[in-house]
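Engineer: File follows, start02.csv with CSV, C-alpha atoms and all ligand atoms:
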chain,number,residue,atom,x,y,z
A,204,MET,CA,14.8,-0.2,10.7
A,205,SER,CA,13.4,-0.5,7.2
A,206,ILE,CA,9.7,-0.8,6.8
A,207,VAL,CA,7.6,-1.5,3.7
A,208,ALA,CA,4.1,0.0,3.6
A,209,ILE,CA,1.5,-1.6,1.2
A,210,ILE,CA,-1.5,0.4,0.0
A,211,SER,CA,-3.7,-1.9,-2.0
A,212,SER,CA,-6.9,0.1,-2.2
A,213,PRO,CA,-7.7,1.7,-5.6
A,214,GLU,CA,-9.3,4.7,-3.8
A,215,LYS,CA,-7.1,7.8,-3.9
A,216,ASN,CA,-6.8,9.4,-0.5
A,217,GLY,CA,-9.0,6.7,0.9
A,218,ASN,CA,-9.4,5.2,4.4
A,219,THR,CA,-6.8,2.5,4.6
A,220,GLU,CA,-4.3,4.9,2.9
A,221,ALA,CA,-4.9,7.5,5.6
A,222,VAL,CA,-4.2,5.1,8.4
A,223,VAL,CA,-1.2,3.5,6.8
A,224,ASN,CA,0.3,7.0,6.1
A,225,LYS,CA,-0.2,7.9,9.8
A,226,ILE,CA,1.6,4.8,11.0
A,227,ALA,CA,4.4,5.4,8.4
A,228,GLU,CA,4.7,9.1,9.4
A,229,THR,CA,5.0,8.1,13.1
A,230,ALA,CA,7.6,5.5,12.3
A,231,LYS,CA,9.6,8.0,10.1
A,232,ALA,CA,9.5,10.5,13.0
A,233,LYS,CA,11.3,7.8,15.1
A,234,GLY,CA,14.0,7.6,12.4
A,235,GLN,CA,12.8,4.5,10.6
A,236,ASP,CA,13.0,4.2,6.9
A,237,VAL,CA,9.6,3.6,5.2
A,238,GLN,CA,9.1,2.7,1.6
A,239,THR,CA,5.5,2.9,0.4
A,240,PHE,CA,4.1,0.9,-2.5
A,241,TYR,CA,0.8,1.7,-4.2
A,242,LEU,CA,-0.4,-1.6,-5.8
A,243,ASN,CA,-3.3,-0.3,-7.8
A,244,PRO,CA,-1.4,1.7,-10.4
A,245,MET,CA,0.9,-1.2,-11.2
A,246,ALA,CA,0.0,-2.2,-14.7
A,247,ASN,CA,2.2,-5.3,-15.2
A,248,ARG,CA,1.5,-7.7,-12.4
A,249,LYS,CA,0.2,-11.2,-12.0
A,250,GLY,CA,-0.8,-13.5,-9.2
A,251,CYS,CA,1.3,-16.6,-8.4
A,252,GLN,CA,1.5,-18.8,-11.4
A,253,ALA,CA,2.1,-22.0,-9.3
A,254,CYS,CA,5.3,-22.7,-11.3
A,255,PHE,CA,7.1,-23.7,-8.0
A,256,GLY,CA,10.2,-21.9,-9.4
A,257,CYS,CA,10.6,-20.3,-6.0
A,258,LYS,CA,11.2,-23.8,-4.4
A,259,ALA,CA,14.3,-24.2,-6.6
A,260,LYS,CA,15.5,-20.6,-6.6
A,261,GLY,CA,14.6,-19.4,-3.1
A,262,ARG,CA,12.6,-16.5,-4.4
A,263,CYS,CA,9.8,-15.8,-6.8
A,264,VAL,CA,11.0,-16.2,-10.4
A,265,GLN,CA,8.3,-14.2,-12.0
A,266,LYS,CA,9.4,-10.7,-13.0
A,267,ASP,CA,6.9,-8.0,-13.0
A,268,ASP,CA,5.9,-4.8,-11.1
A,269,LEU,CA,5.5,-6.8,-7.9
A,270,THR,CA,9.1,-8.0,-8.0
A,271,PRO,CA,10.6,-4.8,-6.3
A,272,VAL,CA,7.8,-5.0,-3.7
A,273,LEU,CA,8.7,-8.6,-2.9
A,274,ASP,CA,12.4,-7.8,-2.8
A,275,ALA,CA,11.8,-4.9,-0.5
A,276,ILE,CA,9.7,-7.0,1.9
A,277,ARG,CA,12.4,-9.7,1.9
A,278,GLU,CA,15.0,-7.1,3.0
A,279,ALA,CA,12.7,-5.2,5.4
A,280,ASP,CA,12.5,-5.4,9.2
A,281,GLY,CA,8.8,-4.5,9.2
A,282,MET,CA,5.6,-4.2,7.1
A,283,ILE,CA,2.4,-2.2,7.2
A,284,LEU,CA,-0.2,-4.2,5.2
A,285,SER,CA,-3.6,-2.8,4.2
A,286,THR,CA,-6.7,-3.6,2.3
A,287,PRO,CA,-10.3,-2.7,2.1
A,288,VAL,CA,-12.9,-5.5,2.5
A,289,TYR,CA,-14.3,-6.5,-0.9
A,290,PHE,CA,-17.1,-9.1,-0.7
A,291,GLY,CA,-15.8,-10.2,2.6
A,292,GLU,CA,-12.2,-10.7,1.4
A,293,ALA,CA,-9.1,-8.7,0.7
A,294,CYS,CA,-9.3,-6.7,-2.5
A,295,GLY,CA,-7.8,-8.2,-5.6
A,296,GLN,CA,-4.8,-5.9,-5.6
A,297,TYR,CA,-3.8,-7.3,-2.2
A,298,ARG,CA,-4.6,-10.9,-3.0
A,299,LEU,CA,-2.3,-10.9,-6.1
A,300,LEU,CA,0.6,-9.7,-3.9
A,301,GLU,CA,-0.3,-12.1,-1.0
A,302,ASP,CA,-0.2,-15.2,-3.3
A,303,ARG,CA,3.3,-14.1,-4.4
A,304,PHE,CA,4.5,-14.4,-0.8
A,305,PHE,CA,4.6,-18.1,-1.7
A,306,GLY,CA,8.2,-17.3,-2.9
A,307,PHE,CA,9.2,-16.7,0.7
A,308,LEU,CA,8.6,-20.4,1.5
A,309,ASP,CA,11.0,-23.2,0.6
A,310,GLY,CA,10.0,-26.6,-0.7
A,311,SER,CA,9.2,-27.8,2.8
A,312,PHE,CA,7.2,-24.6,3.5
A,313,GLY,CA,9.9,-23.3,5.7
A,314,LEU,CA,10.8,-19.6,5.5
A,315,ASN,CA,13.6,-18.6,3.1
A,316,MET,CA,13.9,-15.1,4.5
A,317,PRO,CA,14.6,-13.8,8.0
A,318,ALA,CA,11.9,-14.5,10.6
A,319,GLY,CA,10.6,-11.9,13.1
A,320,LYS,CA,9.6,-9.0,10.8
A,321,LYS,CA,7.2,-6.7,12.6
A,322,VAL,CA,3.8,-6.4,10.9
A,323,ALA,CA,0.9,-4.0,11.3
A,324,VAL,CA,-2.4,-4.8,9.6
A,325,VAL,CA,-5.0,-2.1,8.5
A,326,VAL,CA,-8.4,-3.2,7.2
A,327,ALA,CA,-11.4,-1.0,6.4
A,328,ALA,CA,-15.0,-2.1,5.6
A,329,GLY,CA,-18.1,-0.3,4.7
A,330,THR,CA,-20.3,-2.1,7.2
A,331,GLY,CA,-18.5,-5.3,8.5
A,332,GLY,CA,-15.9,-8.0,8.0
A,333,ALA,CA,-12.8,-6.0,8.8
A,334,ASP,CA,-11.9,-7.8,12.1
A,335,ALA,CA,-12.2,-11.2,10.6
A,336,LEU,CA,-10.1,-10.3,7.5
A,337,ALA,CA,-7.4,-8.6,9.6
A,338,THR,CA,-7.2,-11.7,11.8
A,339,LYS,CA,-6.9,-13.9,8.7
A,340,ILE,CA,-4.1,-11.7,7.4
A,341,GLU,CA,-2.4,-11.8,10.8
A,342,GLY,CA,-2.7,-15.6,10.8
A,343,VAL,CA,-1.0,-15.9,7.4
A,344,MET,CA,1.8,-13.5,8.3
A,345,THR,CA,2.5,-15.1,11.7
A,346,ASN,CA,2.0,-18.8,10.8
A,347,PHE,CA,3.6,-18.9,7.4
A,348,PHE,CA,6.0,-16.0,7.5
A,349,LYS,CA,6.9,-16.0,11.2
A,350,CYS,CA,6.2,-12.3,11.6
A,351,GLU,CA,5.4,-10.6,14.9
A,352,CYS,CA,2.1,-8.8,14.6
A,353,ILE,CA,2.5,-5.5,16.5
A,354,GLY,CA,-1.1,-4.3,15.9
A,355,LYS,CA,-4.2,-4.4,13.8
A,356,ILE,CA,-6.5,-1.5,13.0
A,357,THR,CA,-10.0,-2.3,11.7
A,358,PHE,CA,-13.0,-0.1,11.2
A,359,ASN,CA,-16.2,0.6,9.3
A,360,THR,CA,-16.5,3.6,7.2
A,361,ALA,CA,-20.1,3.5,5.9
A,362,ASN,CA,-18.3,4.1,2.6
A,363,ASN,CA,-17.3,7.6,3.5
A,364,LYS,CA,-14.0,8.0,1.8
A,365,SER,CA,-12.8,10.6,4.3
A,366,PHE,CA,-13.9,8.7,7.4
A,367,ALA,CA,-10.5,7.7,8.7
A,368,ALA,CA,-8.6,10.9,8.0
A,369,GLY,CA,-11.0,12.8,10.2
A,370,ASN,CA,-11.2,10.3,13.0
A,371,ALA,CA,-9.1,11.2,16.0
A,372,ASP,CA,-9.4,7.7,17.6
A,373,LEU,CA,-8.1,5.9,14.5
A,374,MET,CA,-5.3,8.4,14.1
A,375,ALA,CA,-4.3,7.8,17.7
A,376,GLN,CA,-4.3,4.0,17.2
A,377,ALA,CA,-2.2,4.5,14.1
A,378,GLU,CA,0.3,6.7,16.0
A,379,ALA,CA,0.5,4.1,18.8
A,380,ILE,CA,1.4,1.3,16.3
A,381,GLY,CA,3.8,3.5,14.4
A,382,LYS,CA,5.7,4.0,17.7
A,383,LYS,CA,6.2,0.2,18.0
A,384,PHE,CA,8.3,0.1,14.9
A,401,LIG,C1,-16.0,-4.0,-4.9
A,401,LIG,C2,-16.3,-3.6,-3.5
A,401,LIG,C3,-16.7,-4.6,-2.6
A,401,LIG,C4,-17.0,-4.2,-1.3
A,401,LIG,N1,-17.4,-5.2,-0.4
A,401,LIG,C5,-17.6,-4.9,0.9
A,401,LIG,C6,-18.0,-5.9,1.8
A,401,LIG,O1,-18.1,-7.1,1.5
A,401,LIG,N2,-18.3,-5.6,3.1
A,401,LIG,C7,-18.2,-4.2,3.5
A,401,LIG,O2,-18.5,-4.0,4.6
A,401,LIG,N3,-17.8,-3.3,2.6
A,401,LIG,C8,-17.5,-3.6,1.3
A,401,LIG,N4,-17.1,-2.6,0.5
A,401,LIG,C9,-16.8,-1.2,1.0
A,401,LIG,C10,-15.4,-0.9,1.3
A,401,LIG,O3,-14.8,-2.0,2.1
A,401,LIG,C11,-15.3,0.4,2.1
A,401,LIG,O4,-15.8,1.4,1.3
A,401,LIG,C12,-13.9,0.7,2.6
A,401,LIG,O5,-14.0,1.8,3.5
A,401,LIG,C13,-12.9,1.1,1.5
A,401,LIG,O6,-11.7,1.4,2.1
A,401,LIG,P1,-10.7,2.4,1.3
A,401,LIG,O7,-11.3,3.8,1.5
A,401,LIG,O8,-9.4,2.3,2.0
A,401,LIG,O9,-10.6,2.0,-0.1
A,401,LIG,C14,-16.8,-2.9,-0.9
A,401,LIG,C15,-16.4,-1.9,-1.8
A,401,LIG,C16,-16.2,-2.3,-3.1
A,401,LIG,C17,-15.7,-1.2,-4.1
Mind turning this structure into C-alpha cells?

Structural biologist:
Amino acid sequence: MSIVAIISSPEKNGNTEAVVNKIAETAKAKGQDVQTFYLNPMANRKGCQACFGCKAKGRCVQKDDLTPVLDAIREADGMILSTPVYFGEACGQYRLLEDRFFGFLDGSFGLNMPAGKKVAVVVAAGTGGADALATKIEGVMTNFFKCECIGKITFNTANNKSFAAGNADLMAQAEAIGKKF
C-alpha cells in the first residue's frame, strides 16, 4: 500500500509532525510505503486559480511545487493529512493544497481518481478548535473525494511545541491508526 503523508505546519519538529511521523513509522513497520511531503518549504506554489482546466484535462493543469504532491495523492492508497489550527481554520499551507484537490473532481463534481483511499487526519490547536476542524476535513475527504476516514487525532498543546512528542496517549493513538493502513 502506498501512503502520502502531508505535514503543513511551518513549525520544525512540531506537534502535528510528531503525530504524523508516528503514524507513518507504524505503517512503514507493517511494510507500507510512505512518502512524506513538507508543504512549508515549497517556494513555488499557488492555490487553485479557478481556471477549470481540470474539468477538461482530468487533473490540475497548474504546474508548481504542489504538482508532485497531487500526483502522489492520485496514485496513493492512503493519506495522512495534518494541520495546526490557525484562527479557527487550517493553516494557509494546508488550504493551498486542499483547494488544489479540485483537480480530483470532474465537470459534474464526480471523482476522477479511484475512490476508497484511506485517510487519517491530525489537527493540533493551542487551546481549541481542533475537533471541529478535523471533522470538517474528514467531511471534505469523505463527501467529495470518497475516502474512508480511518481515524482522527485532535489535541490542544497550550502552544508547547514538544507537547505531542512527549505524550504517550497521543503516540498510542497514532500507533493504533498507523496499524489500520
Ligand atoms: C498564526 C497562528 C494562529 C493560531 N490560531 C489558533 C487558534 O485559532 N486557536 C488555537 O487554539 N490555537 C491557535 N494557534 C496555535 C496552534 O494551533 C498551536 O500552537 C498548535 O499546537 C501548532 O501545531 P504545530 O506544532 O503542529 O505547528 C495559532 C498559531 C498561530 C501561529

Engineer: Given the point (-16.2, -7.4, 11.7) in the file's coordinates, find the residues that have an atom at most 12 Å from it, counting all atoms listed in the file, and give them as a PyMOL selection string.

Structural biologist: chain A and resi 288+291-292+326-339+356-360

Engineer: With C-alpha atoms retained, write the just-selected residues as a PDB file, keeping the file's coordinate frame.

Structural biologist:
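What follows is the written file again-v8.pdb:
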ATOM      1  CA  VAL A 288     -12.900  -5.500   2.500  1.00  0.00           C
ATOM      2  CA  GLY A 291     -15.800 -10.200   2.600  1.00  0.00           C
ATOM      3  CA  GLU A 292     -12.200 -10.700   1.400  1.00  0.00           C
ATOM      4  CA  VAL A 326      -8.400  -3.200   7.200  1.00  0.00           C
ATOM      5  CA  ALA A 327     -11.400  -1.000   6.400  1.00  0.00           C
ATOM      6  CA  ALA A 328     -15.000  -2.100   5.600  1.00  0.00           C
ATOM      7  CA  GLY A 329     -18.100  -0.300   4.700  1.00  0.00           C
ATOM      8  CA  THR A 330     -20.300  -2.100   7.200  1.00  0.00           C
ATOM      9  CA  GLY A 331     -18.500  -5.300   8.500  1.00  0.00           C
ATOM     10  CA  GLY A 332     -15.900  -8.000   8.000  1.00  0.00           C
ATOM     11  CA  ALA A 333     -12.800  -6.000   8.800  1.00  0.00           C
ATOM     12  CA  ASP A 334     -11.900  -7.800  12.100  1.00  0.00           C
ATOM     13  CA  ALA A 335     -12.200 -11.200  10.600  1.00  0.00           C
ATOM     14  CA  LEU A 336     -10.100 -10.300   7.500  1.00  0.00           C
ATOM     15  CA  ALA A 337      -7.400  -8.600   9.600  1.00  0.00           C
ATOM     16  CA  THR A 338      -7.200 -11.700  11.800  1.00  0.00           C
ATOM     17  CA  LYS A 339      -6.900 -13.900   8.700  1.00  0.00           C
ATOM     18  CA  ILE A 356      -6.500  -1.500  13.000  1.00  0.00           C
ATOM     19  CA  THR A 357     -10.000  -2.300  11.700  1.00  0.00           C
ATOM     20  CA  PHE A 358     -13.000  -0.100  11.200  1.00  0.00           C
ATOM     21  CA  ASN A 359     -16.200   0.600   9.300  1.00  0.00           C
ATOM     22  CA  THR A 360     -16.500   3.600   7.200  1.00  0.00           C
TER      23      THR A 360
END

Engineer: Smallest atom-to-atom distance to A:Asn362: which of A:Leu299, A:Met204, A:Gly217, A:Gln376, using all atoms listed in the file?

Structural biologist: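 Under the stated criterion, the closest residue is A:Gly217.
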
Engineer: Please provide the set of residues having any atom within 12 Å of A:Gly261, restricted to all atoms listed in the file, with same-chain residues fewer than 5 positions apart removed, written as a list in words.

Structural biologist: Phe255, Gly256, Asp274, Arg277, Phe304, Phe305, Gly306, Phe307, Leu308, Asp309, Gly310, Ser311, Phe312, Gly313, Leu314, Asn315 and Met316 of chain A

Engineer: With distances taken over all atoms listed in the file, which residue among A:Ser205, A:Glu214, A:Pro271, A:Val322 lies nearest A:Asp236?

Structural biologist: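 Closest to A:Asp236 of all the choices is A:Ser205.
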
Engineer: Please determine the residues with any atom at most 10 Å from (9.7, -5.7, -0.1) (coordinates as given in the file, with all atoms listed in the file counting) and report them as a PyMOL selection string.

Structural biologist: chain A and resi 205-209+238-240+269-282

Engineer: Find, counting only C-alpha atoms, the residue in A:Ala323, A:Ala246, A:Cys257, A:Met344 that gets nearest to A:Glu378.

Structural biologist: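 For A:Glu378, the nearest of the candidates is A:Ala323.
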
Engineer: What gap, in Å, lies between atom CA of A:Asn216 and atom C13 of ligand LIG 401 (chain A)?

Structural biologist: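 Separation of atom CA of A:Asn216 and atom C13 of ligand LIG 401 (chain A): 10.5 Å.
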
Engineer: Rounded to one decimal in Å, what is the spacing between atom CA of A:Lys349 and atom CA of A:Arg303?

Structural biologist: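 Distance between the two atoms: 16.1 Å.
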
Engineer: Could you check the closest approach to A:Val264 for each of A:Cys251, A:Pro317, A:Ser285, A:Ser211 and tell me which residue wins, using all atoms listed in the file?

Structural biologist: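 Checking each candidate against A:Val264, we get A:Cys251 as the closest.
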
Engineer: When distances are computed from all atoms listed in the file, which of A:Leu242, A:Leu300, A:Val325, A:Ala227 shows the smallest separation from ligand LIG 401 (chain A)?

Structural biologist: A:Val325

Engineer: Any chance you could model N, CA and C atoms for stretch 270-290 of chain A and send them as an mmCIF file, in the frame of the given file?

Structural biologist:
data_model
loop_
_atom_site.group_PDB
_atom_site.id
_atom_site.type_symbol
_atom_site.label_atom_id
_atom_site.label_comp_id
_atom_site.auth_asym_id
_atom_site.auth_seq_id
_atom_site.Cartn_x
_atom_site.Cartn_y
_atom_site.Cartn_z
ATOM 1 N N THR A 270 7.800 -7.460 -8.383
ATOM 2 C CA THR A 270 9.100 -8.000 -8.000
ATOM 3 C C THR A 270 9.844 -7.017 -7.018
ATOM 4 N N PRO A 271 9.889 -5.692 -7.291
ATOM 5 C CA PRO A 271 10.600 -4.800 -6.300
ATOM 6 C C PRO A 271 9.847 -4.774 -4.959
ATOM 7 N N VAL A 272 8.541 -5.007 -4.968
ATOM 8 C CA VAL A 272 7.800 -5.000 -3.700
ATOM 9 C C VAL A 272 8.229 -6.250 -2.888
ATOM 10 N N LEU A 273 8.280 -7.397 -3.562
ATOM 11 C CA LEU A 273 8.700 -8.600 -2.900
ATOM 12 C C LEU A 273 10.137 -8.542 -2.403
ATOM 13 N N ASP A 274 10.992 -7.938 -3.234
ATOM 14 C CA ASP A 274 12.400 -7.800 -2.800
ATOM 15 C C ASP A 274 12.518 -6.879 -1.616
ATOM 16 N N ALA A 275 11.739 -5.808 -1.605
ATOM 17 C CA ALA A 275 11.800 -4.900 -0.500
ATOM 18 C C ALA A 275 11.288 -5.534 0.806
ATOM 19 N N ILE A 276 10.229 -6.335 0.689
ATOM 20 C CA ILE A 276 9.700 -7.000 1.900
ATOM 21 C C ILE A 276 10.740 -8.033 2.395
ATOM 22 N N ARG A 277 11.391 -8.720 1.478
ATOM 23 C CA ARG A 277 12.400 -9.700 1.900
ATOM 24 C C ARG A 277 13.499 -9.037 2.743
ATOM 25 N N GLU A 278 13.880 -7.812 2.348
ATOM 26 C CA GLU A 278 15.000 -7.100 3.000
ATOM 27 C C GLU A 278 14.484 -6.346 4.279
ATOM 28 N N ALA A 279 13.181 -6.087 4.369
ATOM 29 C CA ALA A 279 12.700 -5.200 5.400
ATOM 30 C C ALA A 279 12.657 -5.794 6.789
ATOM 31 N N ASP A 280 12.629 -4.914 7.785
ATOM 32 C CA ASP A 280 12.500 -5.400 9.200
ATOM 33 C C ASP A 280 11.007 -5.335 9.586
ATOM 34 N N GLY A 281 10.199 -4.616 8.811
ATOM 35 C CA GLY A 281 8.800 -4.500 9.200
ATOM 36 C C GLY A 281 7.911 -4.214 7.984
ATOM 37 N N MET A 282 6.613 -4.394 8.171
ATOM 38 C CA MET A 282 5.600 -4.200 7.100
ATOM 39 C C MET A 282 4.375 -3.558 7.665
ATOM 40 N N ILE A 283 3.762 -2.702 6.859
ATOM 41 C CA ILE A 283 2.400 -2.200 7.200
ATOM 42 C C ILE A 283 1.559 -2.731 5.984
ATOM 43 N N LEU A 284 0.644 -3.642 6.250
ATOM 44 C CA LEU A 284 -0.200 -4.200 5.200
ATOM 45 C C LEU A 284 -1.594 -3.664 5.307
ATOM 46 N N SER A 285 -2.205 -3.351 4.163
ATOM 47 C CA SER A 285 -3.600 -2.800 4.200
ATOM 48 C C SER A 285 -4.419 -3.227 3.072
ATOM 49 N N THR A 286 -5.694 -3.335 3.351
ATOM 50 C CA THR A 286 -6.700 -3.600 2.300
ATOM 51 C C THR A 286 -8.066 -3.210 2.757
ATOM 52 N N PRO A 287 -8.904 -2.808 1.805
ATOM 53 C CA PRO A 287 -10.300 -2.700 2.100
ATOM 54 C C PRO A 287 -10.968 -4.086 2.055
ATOM 55 N N VAL A 288 -12.126 -4.242 2.682
ATOM 56 C CA VAL A 288 -12.900 -5.500 2.500
ATOM 57 C C VAL A 288 -13.709 -5.393 1.256
ATOM 58 N N TYR A 289 -13.505 -6.353 0.364
ATOM 59 C CA TYR A 289 -14.300 -6.500 -0.900
ATOM 60 C C TYR A 289 -14.989 -7.821 -0.851
ATOM 61 N N PHE A 290 -16.301 -7.823 -0.789
ATOM 62 C CA PHE A 290 -17.100 -9.100 -0.700
ATOM 63 C C PHE A 290 -16.542 -10.009 0.339
#
